[in-house]
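Student: My structure file input-v9.cif, mmCIF, C-alpha atoms and all ligand atoms, is below:
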data_my_file
loop_
_atom_site.group_PDB
_atom_site.id
_atom_site.type_symbol
_atom_site.label_atom_id
_atom_site.label_comp_id
_atom_site.auth_asym_id
_atom_site.auth_seq_id
_atom_site.Cartn_x
_atom_site.Cartn_y
_atom_site.Cartn_z
ATOM 1 C CA MET A 260 67.863 102.439 117.109
ATOM 2 C CA LEU A 261 70.999 102.963 119.198
ATOM 3 C CA VAL A 262 71.874 99.762 121.059
ATOM 4 C CA ASN A 263 74.667 98.931 123.504
ATOM 5 C CA THR A 264 77.543 97.267 121.647
ATOM 6 C CA LYS A 265 77.602 94.444 124.196
ATOM 7 C CA LYS A 266 74.038 93.467 123.301
ATOM 8 C CA VAL A 267 74.828 93.635 119.568
ATOM 9 C CA LEU A 268 77.863 91.374 120.015
ATOM 10 C CA GLU A 269 76.194 88.907 122.363
ATOM 11 C CA ASP A 270 73.406 88.507 119.779
ATOM 12 C CA ALA A 271 76.086 87.937 117.120
ATOM 13 C CA GLN A 272 77.843 85.373 119.324
ATOM 14 C CA ARG A 273 74.589 83.457 119.795
ATOM 15 C CA GLY A 274 73.684 83.752 116.096
ATOM 16 C CA LYS A 275 77.223 82.807 114.917
ATOM 17 C CA TYR A 276 77.678 85.855 112.693
ATOM 18 C CA ALA A 277 79.840 88.967 112.966
ATOM 19 C CA VAL A 278 79.006 92.660 112.949
ATOM 20 C CA ALA A 279 81.009 95.177 110.906
ATOM 21 C CA ALA A 280 82.599 98.019 112.863
ATOM 22 C CA PHE A 281 83.204 100.682 110.234
ATOM 23 C CA ASN A 282 85.688 103.422 110.996
ATOM 24 C CA VAL A 283 84.022 106.695 110.084
ATOM 25 C CA TYR A 284 85.185 110.293 109.907
ATOM 26 C CA ASN A 285 82.192 112.443 108.955
ATOM 27 C CA LEU A 286 78.486 112.549 108.117
ATOM 28 C CA GLU A 287 78.872 110.803 104.763
ATOM 29 C CA THR A 288 80.696 107.792 106.196
ATOM 30 C CA VAL A 289 78.082 107.430 108.954
ATOM 31 C CA GLN A 290 75.199 107.711 106.483
ATOM 32 C CA ALA A 291 76.830 105.167 104.158
ATOM 33 C CA ALA A 292 77.347 102.652 106.999
ATOM 34 C CA ILE A 293 73.778 102.913 108.305
ATOM 35 C CA ARG A 294 72.213 102.894 104.838
ATOM 36 C CA VAL A 295 74.113 99.726 103.910
ATOM 37 C CA ALA A 296 73.218 98.021 107.216
ATOM 38 C CA GLU A 297 69.546 98.812 106.624
ATOM 39 C CA LYS A 298 69.669 97.448 103.068
ATOM 40 C CA VAL A 299 71.213 94.161 104.237
ATOM 41 C CA ASN A 300 69.113 94.200 107.433
ATOM 42 C CA GLN A 301 72.062 93.740 109.789
ATOM 43 C CA PRO A 302 73.289 95.667 112.852
ATOM 44 C CA VAL A 303 76.284 97.946 112.415
ATOM 45 C CA ILE A 304 78.888 99.525 114.673
ATOM 46 C CA ILE A 305 79.962 103.093 113.992
ATOM 47 C CA ALA A 306 83.570 103.414 115.173
ATOM 48 C CA LEU A 307 85.469 106.657 115.703
ATOM 49 C CA GLY A 308 89.152 106.339 116.575
ATOM 50 C CA GLU A 309 90.769 108.536 119.220
ATOM 51 C CA ARG A 310 93.188 109.262 116.395
ATOM 52 C CA TYR A 311 90.503 111.510 114.792
ATOM 53 C CA PHE A 312 89.666 113.529 117.917
ATOM 54 C CA GLY A 313 91.841 116.387 116.627
ATOM 55 C CA GLU A 314 89.668 116.922 113.558
ATOM 56 C CA VAL A 315 86.218 115.723 114.656
ATOM 57 C CA ASP A 316 83.996 117.514 117.194
ATOM 58 C CA VAL A 317 83.367 114.423 119.319
ATOM 59 C CA GLU A 318 80.246 115.687 121.117
ATOM 60 C CA GLY A 319 78.732 116.952 117.847
ATOM 61 C CA PHE A 320 79.625 113.700 116.116
ATOM 62 C CA SER A 321 78.001 111.620 118.853
ATOM 63 C CA ALA A 322 74.816 113.741 118.754
ATOM 64 C CA MET A 323 74.694 113.244 114.979
ATOM 65 C CA VAL A 324 75.072 109.453 115.263
ATOM 66 C CA HIS A 325 72.412 109.338 118.001
ATOM 67 C CA ALA A 326 69.974 111.275 115.799
ATOM 68 C CA ILE A 327 70.560 109.119 112.713
ATOM 69 C CA ALA A 328 70.575 105.869 114.718
ATOM 70 C CA ALA A 329 67.233 106.792 116.341
ATOM 71 C CA LYS A 330 65.644 106.648 112.882
ATOM 72 C CA ALA A 331 67.499 103.523 111.718
ATOM 73 C CA ALA A 332 65.623 100.316 111.069
ATOM 74 C CA VAL A 333 68.522 98.203 112.421
ATOM 75 C CA PRO A 334 70.541 98.253 115.684
ATOM 76 C CA VAL A 335 73.380 100.789 115.574
ATOM 77 C CA SER A 336 76.170 101.070 118.173
ATOM 78 C CA LEU A 337 78.652 103.880 118.677
ATOM 79 C CA HIS A 338 82.152 102.718 119.548
ATOM 80 C CA LEU A 339 85.372 104.514 120.455
ATOM 81 C CA ASP A 340 88.134 102.689 118.580
ATOM 82 C CA HIS A 341 91.792 102.445 119.736
ATOM 83 C CA ALA A 342 91.888 104.902 122.629
ATOM 84 C CA TYR A 343 95.150 105.272 124.511
ATOM 85 C CA GLU A 344 94.161 108.130 126.830
ATOM 86 C CA LYS A 345 91.770 107.860 129.768
ATOM 87 C CA LYS A 346 90.546 111.405 129.129
ATOM 88 C CA SER A 347 89.392 110.475 125.592
ATOM 89 C CA ILE A 348 87.510 107.503 127.004
ATOM 90 C CA ILE A 349 85.782 109.625 129.651
ATOM 91 C CA ARG A 350 84.899 112.174 126.965
ATOM 92 C CA ALA A 351 83.341 109.464 124.770
ATOM 93 C CA ILE A 352 81.413 107.972 127.702
ATOM 94 C CA ARG A 353 80.104 111.413 128.693
ATOM 95 C CA CYS A 354 78.731 112.126 125.250
ATOM 96 C CA GLY A 355 76.978 108.804 124.718
ATOM 97 C CA PHE A 356 79.276 106.263 123.065
ATOM 98 C CA THR A 357 77.943 102.751 123.752
ATOM 99 C CA SER A 358 81.378 101.128 123.961
ATOM 100 C CA VAL A 359 85.042 102.083 124.185
ATOM 101 C CA MET A 360 88.260 100.324 123.279
ATOM 102 C CA TYR A 361 91.143 100.890 125.627
ATOM 103 C CA ASP A 362 94.351 99.941 123.817
ATOM 104 C CA GLY A 363 97.054 99.175 126.385
ATOM 105 C CA SER A 364 98.687 96.614 124.114
ATOM 106 C CA LYS A 365 102.050 98.394 124.188
ATOM 107 C CA PHE A 366 102.354 97.783 127.951
ATOM 108 C CA ASP A 367 103.375 94.542 129.641
ATOM 109 C CA LEU A 368 100.504 92.286 130.723
ATOM 110 C CA GLU A 369 100.196 93.454 134.352
ATOM 111 C CA HIS A 370 100.402 97.122 133.388
ATOM 112 C CA ASN A 371 97.804 96.595 130.637
ATOM 113 C CA ILE A 372 95.557 94.802 133.168
ATOM 114 C CA ARG A 373 95.819 97.659 135.693
ATOM 115 C CA ASN A 374 94.976 100.343 133.134
ATOM 116 C CA THR A 375 92.206 98.305 131.493
ATOM 117 C CA LYS A 376 90.592 97.469 134.837
ATOM 118 C CA ASP A 377 90.504 101.155 135.714
ATOM 119 C CA ILE A 378 88.665 101.872 132.420
ATOM 120 C CA VAL A 379 86.263 98.954 132.938
ATOM 121 C CA ASP A 380 85.314 100.288 136.408
ATOM 122 C CA ILE A 381 84.535 103.740 134.995
ATOM 123 C CA ALA A 382 82.776 102.549 131.825
ATOM 124 C CA HIS A 383 80.608 99.949 133.539
ATOM 125 C CA MET A 384 79.340 102.529 136.023
ATOM 126 C CA ALA A 385 77.979 104.403 132.995
ATOM 127 C CA GLY A 386 76.607 101.254 131.331
ATOM 128 C CA VAL A 387 79.237 101.432 128.571
ATOM 129 C CA SER A 388 80.953 98.245 127.411
ATOM 130 C CA VAL A 389 84.712 97.838 127.007
ATOM 131 C CA GLU A 390 86.961 96.220 124.405
ATOM 132 C CA ALA A 391 90.654 95.726 125.096
ATOM 133 C CA GLU A 392 93.607 94.062 123.412
ATOM 134 C CA ILE A 393 96.583 91.918 124.232
ATOM 135 C CA GLY A 394 99.056 91.139 121.529
ATOM 136 C CA SER A 395 98.988 93.783 118.794
ATOM 137 C CA VAL A 396 98.164 94.363 115.142
ATOM 138 C CA ALA A 397 101.012 95.342 112.819
ATOM 139 C CA ARG A 398 100.930 97.900 110.017
ATOM 140 C CA GLY A 399 100.098 96.994 106.444
ATOM 141 C CA ALA A 400 99.894 99.273 103.399
ATOM 142 C CA PHE A 401 97.733 102.458 103.329
ATOM 143 C CA SER A 402 96.838 102.178 107.022
ATOM 144 C CA ASP A 403 96.021 105.250 109.091
ATOM 145 C CA GLU A 404 96.209 103.546 112.508
ATOM 146 C CA ASP A 405 98.799 103.878 115.264
ATOM 147 C CA GLU A 406 100.525 100.539 114.929
ATOM 148 C CA GLY A 407 101.610 97.641 117.100
ATOM 149 C CA ASP A 408 104.462 95.213 116.549
ATOM 150 C CA GLY A 409 102.367 92.227 115.444
ATOM 151 C CA THR A 410 102.823 90.128 118.606
ATOM 152 C CA LEU A 411 100.155 87.398 118.547
ATOM 153 C CA THR A 412 97.769 86.902 121.483
ATOM 154 C CA ASP A 413 98.758 84.170 123.901
ATOM 155 C CA PRO A 414 95.627 82.134 124.854
ATOM 156 C CA GLN A 415 96.603 81.687 128.521
ATOM 157 C CA SER A 416 97.339 85.388 128.915
ATOM 158 C CA ALA A 417 94.008 86.105 127.205
ATOM 159 C CA GLU A 418 92.167 83.993 129.756
ATOM 160 C CA TYR A 419 93.957 85.714 132.657
ATOM 161 C CA PHE A 420 93.480 89.171 131.093
ATOM 162 C CA VAL A 421 89.711 88.755 130.615
ATOM 163 C CA LYS A 422 89.262 87.334 134.123
ATOM 164 C CA GLU A 423 91.287 90.083 135.820
ATOM 165 C CA THR A 424 89.854 93.030 133.895
ATOM 166 C CA GLY A 425 86.185 92.107 133.383
ATOM 167 C CA ILE A 426 86.206 93.407 129.792
ATOM 168 C CA ASP A 427 83.191 92.767 127.583
ATOM 169 C CA PHE A 428 85.022 91.818 124.367
ATOM 170 C CA LEU A 429 88.581 90.984 123.473
ATOM 171 C CA ALA A 430 90.588 92.012 120.403
ATOM 172 C CA ALA A 431 92.612 88.930 119.481
ATOM 173 C CA ALA A 432 95.813 89.419 117.478
ATOM 174 C CA ILE A 433 96.079 86.432 115.126
ATOM 175 C CA GLY A 434 98.121 87.892 112.276
ATOM 176 C CA THR A 435 95.755 90.307 110.543
ATOM 177 C CA VAL A 436 97.241 93.754 109.882
ATOM 178 C CA HIS A 437 95.834 97.277 109.832
ATOM 179 C CA GLY A 438 95.694 98.186 106.152
ATOM 180 C CA LEU A 439 96.420 95.988 103.147
ATOM 181 C CA TYR A 440 98.819 93.031 103.394
ATOM 182 C CA HIS A 441 102.396 93.205 102.134
ATOM 183 C CA GLY A 442 102.424 89.788 100.424
ATOM 184 C CA GLU A 443 100.411 86.802 101.641
ATOM 185 C CA PRO A 444 98.457 87.169 104.898
ATOM 186 C CA HIS A 445 99.639 84.866 107.704
ATOM 187 C CA ILE A 446 96.543 84.437 109.831
ATOM 188 C CA ASP A 447 96.734 81.833 112.566
ATOM 189 C CA LEU A 448 93.266 80.284 112.771
ATOM 190 C CA SER A 449 94.437 77.474 115.053
ATOM 191 C CA LEU A 450 95.561 80.144 117.529
ATOM 192 C CA LEU A 451 92.098 81.716 117.276
ATOM 193 C CA GLU A 452 90.583 78.349 118.132
ATOM 194 C CA LYS A 453 92.763 78.171 121.263
ATOM 195 C CA ILE A 454 91.862 81.738 122.291
ATOM 196 C CA ARG A 455 88.170 80.932 121.775
ATOM 197 C CA ALA A 456 88.519 77.906 124.047
ATOM 198 C CA SER A 457 90.149 80.081 126.749
ATOM 199 C CA VAL A 458 87.702 83.001 126.939
ATOM 200 C CA GLN A 459 83.929 83.326 126.799
ATOM 201 C CA VAL A 460 83.518 86.989 125.816
ATOM 202 C CA PRO A 461 82.897 87.915 122.146
ATOM 203 C CA LEU A 462 86.124 88.182 120.131
ATOM 204 C CA VAL A 463 87.065 91.067 117.848
ATOM 205 C CA LEU A 464 89.206 90.972 114.709
ATOM 206 C CA HIS A 465 91.054 94.141 113.775
ATOM 207 C CA GLY A 466 92.383 94.701 110.276
ATOM 208 C CA GLY A 467 89.414 93.649 108.141
ATOM 209 C CA SER A 468 90.758 95.396 105.020
ATOM 210 C CA GLY A 469 92.441 93.089 102.546
ATOM 211 C CA THR A 470 91.747 89.989 104.640
ATOM 212 C CA PRO A 471 90.629 87.198 102.266
ATOM 213 C CA ASP A 472 86.900 86.391 102.434
ATOM 214 C CA GLU A 473 87.559 82.742 103.230
ATOM 215 C CA MET A 474 89.721 83.695 106.238
ATOM 216 C CA ILE A 475 86.994 86.022 107.490
ATOM 217 C CA THR A 476 84.368 83.287 107.145
ATOM 218 C CA GLN A 477 86.585 80.810 109.013
ATOM 219 C CA ALA A 478 87.365 83.367 111.728
ATOM 220 C CA ILE A 479 83.634 83.947 112.285
ATOM 221 C CA LYS A 480 83.077 80.191 112.569
ATOM 222 C CA LEU A 481 85.802 80.189 115.235
ATOM 223 C CA GLY A 482 84.128 82.888 117.312
ATOM 224 C CA ILE A 483 84.912 86.327 115.878
ATOM 225 C CA CYS A 484 81.830 88.552 116.422
ATOM 226 C CA LYS A 485 83.080 91.999 115.365
ATOM 227 C CA ILE A 486 85.366 92.900 112.465
ATOM 228 C CA ASN A 487 86.886 96.373 112.145
ATOM 229 C CA VAL A 488 87.213 97.949 108.705
ATOM 230 C CA ASN A 489 88.929 101.235 107.978
ATOM 231 C CA THR A 490 91.422 101.270 105.074
ATOM 232 C CA GLU A 491 89.201 99.801 102.342
ATOM 233 C CA ILE A 492 86.513 102.406 103.052
ATOM 234 C CA SER A 493 88.971 105.276 102.795
ATOM 235 C CA MET A 494 90.506 103.789 99.656
ATOM 236 C CA ALA A 495 87.121 103.513 97.938
ATOM 237 C CA ALA A 496 86.413 107.209 98.511
ATOM 238 C CA VAL A 497 89.939 108.373 97.662
ATOM 239 C CA THR A 498 90.013 106.286 94.470
ATOM 240 C CA HIS A 499 86.657 107.762 93.505
ATOM 241 C CA LEU A 500 87.988 111.303 93.964
ATOM 242 C CA GLN A 501 91.163 110.538 92.041
ATOM 243 C CA THR A 502 89.165 109.025 89.168
ATOM 244 C CA HIS A 503 86.767 111.958 88.921
ATOM 245 C CA ILE A 504 89.186 114.772 89.686
ATOM 246 C CA ARG A 505 88.905 116.234 86.155
ATOM 247 C CA ARG A 506 85.127 116.341 86.339
ATOM 248 C CA TYR A 507 85.318 117.925 89.785
ATOM 249 C CA SER A 508 87.799 120.564 88.654
ATOM 250 C CA ASP A 509 85.087 122.018 86.429
ATOM 251 C CA ALA A 510 84.246 125.460 87.873
ATOM 252 C CA LYS A 511 80.572 124.479 88.054
ATOM 253 C CA ALA A 512 81.203 121.432 90.274
ATOM 254 C CA HIS A 513 79.444 121.768 93.625
ATOM 255 C CA LEU A 514 80.731 120.391 96.908
ATOM 256 C CA SER A 515 77.322 118.911 97.793
ATOM 257 C CA THR A 516 77.498 116.677 94.693
ATOM 258 C CA ILE A 517 81.076 115.655 95.409
ATOM 259 C CA MET A 518 80.245 114.676 98.997
ATOM 260 C CA SER A 519 77.165 112.764 97.939
ATOM 261 C CA ASP A 520 79.109 110.906 95.190
ATOM 262 C CA MET A 521 81.791 110.102 97.743
ATOM 263 C CA GLN A 522 79.216 108.577 100.071
ATOM 264 C CA ILE A 523 77.861 106.424 97.252
ATOM 265 C CA SER A 524 81.420 105.329 96.347
ATOM 266 C CA MET A 525 81.925 103.836 99.837
ATOM 267 C CA GLU A 526 78.725 101.828 99.927
ATOM 268 C CA PRO A 527 79.768 98.840 97.747
ATOM 269 C CA VAL A 528 82.767 98.023 99.957
ATOM 270 C CA MET A 529 80.660 98.360 103.108
ATOM 271 C CA THR A 530 77.956 96.171 101.545
ATOM 272 C CA LYS A 531 80.561 93.519 100.715
ATOM 273 C CA PHE A 532 81.643 93.362 104.366
ATOM 274 C CA VAL A 533 78.158 93.453 105.900
ATOM 275 C CA ARG A 534 76.972 90.626 103.627
ATOM 276 C CA LEU A 535 80.104 88.543 104.201
ATOM 277 C CA LEU A 536 79.939 88.967 107.987
ATOM 278 C CA ALA A 537 76.240 88.127 108.027
ATOM 279 C CA ASN A 538 76.895 85.102 105.851
ATOM 280 C CA LYS A 539 74.597 86.554 103.182
ATOM 281 C CA THR A 540 76.707 86.149 100.087
ATOM 282 C CA ASN A 541 74.064 86.288 97.358
HETATM 283 P P1 LIG B 1 91.818 98.014 108.457
HETATM 284 O O1 LIG B 1 92.296 99.389 108.182
HETATM 285 O O2 LIG B 1 92.791 96.965 108.041
HETATM 286 O O3 LIG B 1 90.467 97.761 107.885
HETATM 287 O O4 LIG B 1 91.700 97.856 110.044
HETATM 288 C C1 LIG B 1 90.838 98.707 110.751
HETATM 289 C C2 LIG B 1 90.898 98.440 112.210
HETATM 290 O O5 LIG B 1 91.214 97.369 112.658
HETATM 291 C C3 LIG B 1 90.510 99.565 113.085
HETATM 292 O O6 LIG B 1 90.602 99.259 114.428
#
Please re-express this file's structure in C-alpha cells.
Ligand code: 13P
Tutor:
Amino acid sequence: MLVNTKKVLEDAQRGKYAVAAFNVYNLETVQAAIRVAEKVNQPVIIALGERYFGEVDVEGFSAMVHAIAAKAAVPVSLHLDHAYEKKSIIRAIRCGFTSVMYDGSKFDLEHNIRNTKDIVDIAHMAGVSVEAEIGSVARGAFSDEDEGDGTLTDPQSAEYFVKETGIDFLAAAIGTVHGLYHGEPHIDLSLLEKIRASVQVPLVLHGGSGTPDEMITQAIKLGICKINVNTEISMAAVTHLQTHIRRYSDAKAHLSTIMSDMQISMEPVMTKFVRLLANKTN
C-alpha cells in the first residue's frame, strides 16, 4: 500500500532501523524495488529526482507507482528527490507524491530557510511531507546527481533550520558522497551524533552507494532513518548490459527479455541494502 513517507520514517525512527530510498527511472527499477522490499518484508521509498523530469512523464510515472504500490504487501512511499524548482515540487504534489525534497543547500542559511518554509507551507496543506538539506553532499565516481561542495552540516544551524522551517526530515551532510568514493570515505559519525542531539525529526543519509556496511550500521544506530541509493543500482544494470552485450546483439534478441534481465540484475544490490538497513543480515 502507498503510505506517507513521514509515517514510514517515524516508524523507522521508533524501530531503530532505516528505510531504503531507491532512485528509480522506469518500470523495471520500480518493480525491482518493490519486489525486493516484499521479499525482505520491509517498507521501501521510491525516489524520482527532479533531474529525470526531462525524460520521465511524471504524472504517468506517479500513476504507475500508485497502481503497483496498491498491490504491494509492504508500505511503499513515493518521494521527489533533490528538487531545486518550486514548480517541480508543485507538479509532484499535484500528481500524488507522498514527500518532496527541496534542495536549497546552495543558498546561505537564511535564504535556504525562506525557500524551504515556502515549500513546507504548500506541501503540508496537501498532506505531503518535506525533506530539506543544509550542508551538501559532494560528487564521487559514477554519480548522476547535481553536486554540492561537501560542506558538512553544522548541528546548531540544523537545530535552527528545522525549528524555523517545520520540515519533516533532515538530510544531514556528514561526509558521504553521491556515487562511489575516491579513496577512503571520511564519514564523521561524531558529527552525526551531535546533529541527532540537536534535532528530533528523522535524519536522512544521501550517498548510500559505496558507503561501507559498518558505517551504514553505525549511522542507523545514531539516528539515520532513510538512506538514498542511486549509483550502485545503475551500475548493476549497466554492468549487466555490458557483460551480455554480445548475447543481446544477436538478431533474435528481444527487448522484453533484455528489460526483464535488467530488472533481475538490479535486485541483488537492492536486497543487500534493504537487508542491511533493516538489520537483517542473514
Ligand atoms: P548514491 O548515488 O551515492 O547512491 O546517492 C544517491 C543519493 O543520495 C540520491 O539522493
Student: In terms of the shortest atom-to-atom distance over only C-alpha atoms and all ligand atoms, which of A:Val289, A:Leu439, A:Ala322, A:Met260 is closest to ligand LIG 1 (chain B)?
Tutor: A:Leu439
Student: Do you have the CA of Tyr419 (chain A)-CA of Gln459 (chain A) distance handy?
Tutor: 11.9 Å
Student: Would you translate the PyMOL selection byres (((chain A and resi 477-485) around 10) and not hetatm) into the concrete set of residues it matches in this file, as a ChimeraX atom specification?
Tutor: /A:264,267-280,303-304,428-431,433,446-449,451-456,459-465,467,472-476,486-488,535-538
Student: With 4 Å on each side, where is the centre of the axis-aligned box around all listed atoms of region 363-370 of chain A, and how long are its edges in Å to one decimal, as lines of an AutoDock Vina configuration file?
Tutor:
center_x = 100.2
center_y = 95.7
center_z = 129.2
size_x = 14.3
size_y = 14.9
size_z = 18.2
Student: For the atom pair CA of Lys266 (chain A) and CA of Ala385 (chain A), what is the interatomic distance in Å to one decimal place?
Tutor: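 If I compute the distance from CA of Lys266 (chain A) to CA of Ala385 (chain A), I get 15.1 Å.
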Student: Select, from A:Val389, A:Leu307, A:Ile327, A:Val379, the residue with the minimum atom-to-atom distance to ligand LIG 1 (chain B), counting only C-alpha atoms and all ligand atoms.
Tutor: A:Leu307
Student: Would you mind listing what lies within 9 Å of Ser468 (chain A) as a PyMOL selection string, with all atoms listed in the file counted and same-chain residues fewer than 6 positions away left out?
Tutor: chain A and resi 436-440+487-492
Student: Atoms are missing here; could region 347-356 of chain A be completed with all heavy atoms and written as a CSV table (one decimal), in the coordinates of the input?
Tutor:
chain,number,residue,atom,x,y,z
A,347,SER,N,90.2,110.7,126.8
A,347,SER,CA,89.4,110.5,125.6
A,347,SER,C,88.2,109.5,125.9
A,347,SER,O,87.1,109.7,125.4
A,347,SER,CB,90.2,109.9,124.5
A,347,SER,OG,91.4,110.6,124.3
A,348,ILE,N,88.5,108.5,126.7
A,348,ILE,CA,87.5,107.5,127.0
A,348,ILE,C,86.4,108.1,127.8
A,348,ILE,O,85.2,108.0,127.6
A,348,ILE,CB,88.2,106.3,127.7
A,348,ILE,CG1,89.0,105.5,126.7
A,348,ILE,CG2,87.1,105.4,128.4
A,348,ILE,CD1,89.8,104.4,127.2
A,349,ILE,N,86.8,109.0,128.8
A,349,ILE,CA,85.8,109.6,129.7
A,349,ILE,C,85.0,110.6,128.8
A,349,ILE,O,83.7,110.6,128.9
A,349,ILE,CB,86.5,110.3,130.8
A,349,ILE,CG1,87.0,109.3,131.8
A,349,ILE,CG2,85.5,111.3,131.5
A,349,ILE,CD1,87.8,109.8,132.9
A,350,ARG,N,85.6,111.3,127.9
A,350,ARG,CA,84.9,112.2,127.0
A,350,ARG,C,83.9,111.4,126.1
A,350,ARG,O,82.7,111.8,126.0
A,350,ARG,CB,85.9,112.9,126.1
A,350,ARG,CG,85.3,114.0,125.3
A,350,ARG,CD,86.4,114.7,124.5
A,350,ARG,NE,85.8,115.6,123.6
A,350,ARG,CZ,86.5,116.3,122.6
A,350,ARG,NH1,87.8,116.1,122.5
A,350,ARG,NH2,85.8,117.1,121.8
A,351,ALA,N,84.3,110.3,125.6
A,351,ALA,CA,83.3,109.5,124.8
A,351,ALA,C,82.2,108.9,125.6
A,351,ALA,O,81.0,109.0,125.2
A,351,ALA,CB,84.1,108.3,124.1
A,352,ILE,N,82.5,108.5,126.8
A,352,ILE,CA,81.4,108.0,127.7
A,352,ILE,C,80.4,109.1,128.0
A,352,ILE,O,79.2,108.9,127.9
A,352,ILE,CB,82.0,107.4,129.0
A,352,ILE,CG1,82.8,106.1,128.7
A,352,ILE,CG2,80.9,107.1,130.0
A,352,ILE,CD1,83.6,105.6,129.9
A,353,ARG,N,81.0,110.3,128.3
A,353,ARG,CA,80.1,111.4,128.7
A,353,ARG,C,79.2,111.8,127.6
A,353,ARG,O,78.1,112.3,127.8
A,353,ARG,CB,81.0,112.6,129.0
A,353,ARG,CG,81.6,112.6,130.4
A,353,ARG,CD,81.7,114.0,130.9
A,353,ARG,NE,82.0,114.0,132.3
A,353,ARG,CZ,83.2,114.4,132.8
A,353,ARG,NH1,84.1,114.9,132.1
A,353,ARG,NH2,83.4,114.3,134.1
A,354,CYS,N,79.6,111.6,126.3
A,354,CYS,CA,78.7,112.1,125.2
A,354,CYS,C,78.0,111.0,124.6
A,354,CYS,O,77.4,111.2,123.5
A,354,CYS,CB,79.5,113.0,124.3
A,354,CYS,SG,80.7,112.3,123.3
A,355,GLY,N,77.9,109.8,125.2
A,355,GLY,CA,77.0,108.8,124.7
A,355,GLY,C,77.5,107.7,123.8
A,355,GLY,O,76.7,107.0,123.2
A,356,PHE,N,78.8,107.4,123.8
A,356,PHE,CA,79.3,106.3,123.1
A,356,PHE,C,78.8,105.0,123.8
A,356,PHE,O,78.7,105.0,125.1
A,356,PHE,CB,80.8,106.2,123.0
A,356,PHE,CG,81.4,107.1,121.9
A,356,PHE,CD1,81.1,108.5,121.9
A,356,PHE,CD2,82.2,106.6,120.9
A,356,PHE,CE1,81.6,109.4,120.9
A,356,PHE,CE2,82.7,107.5,119.9
A,356,PHE,CZ,82.4,108.8,119.9
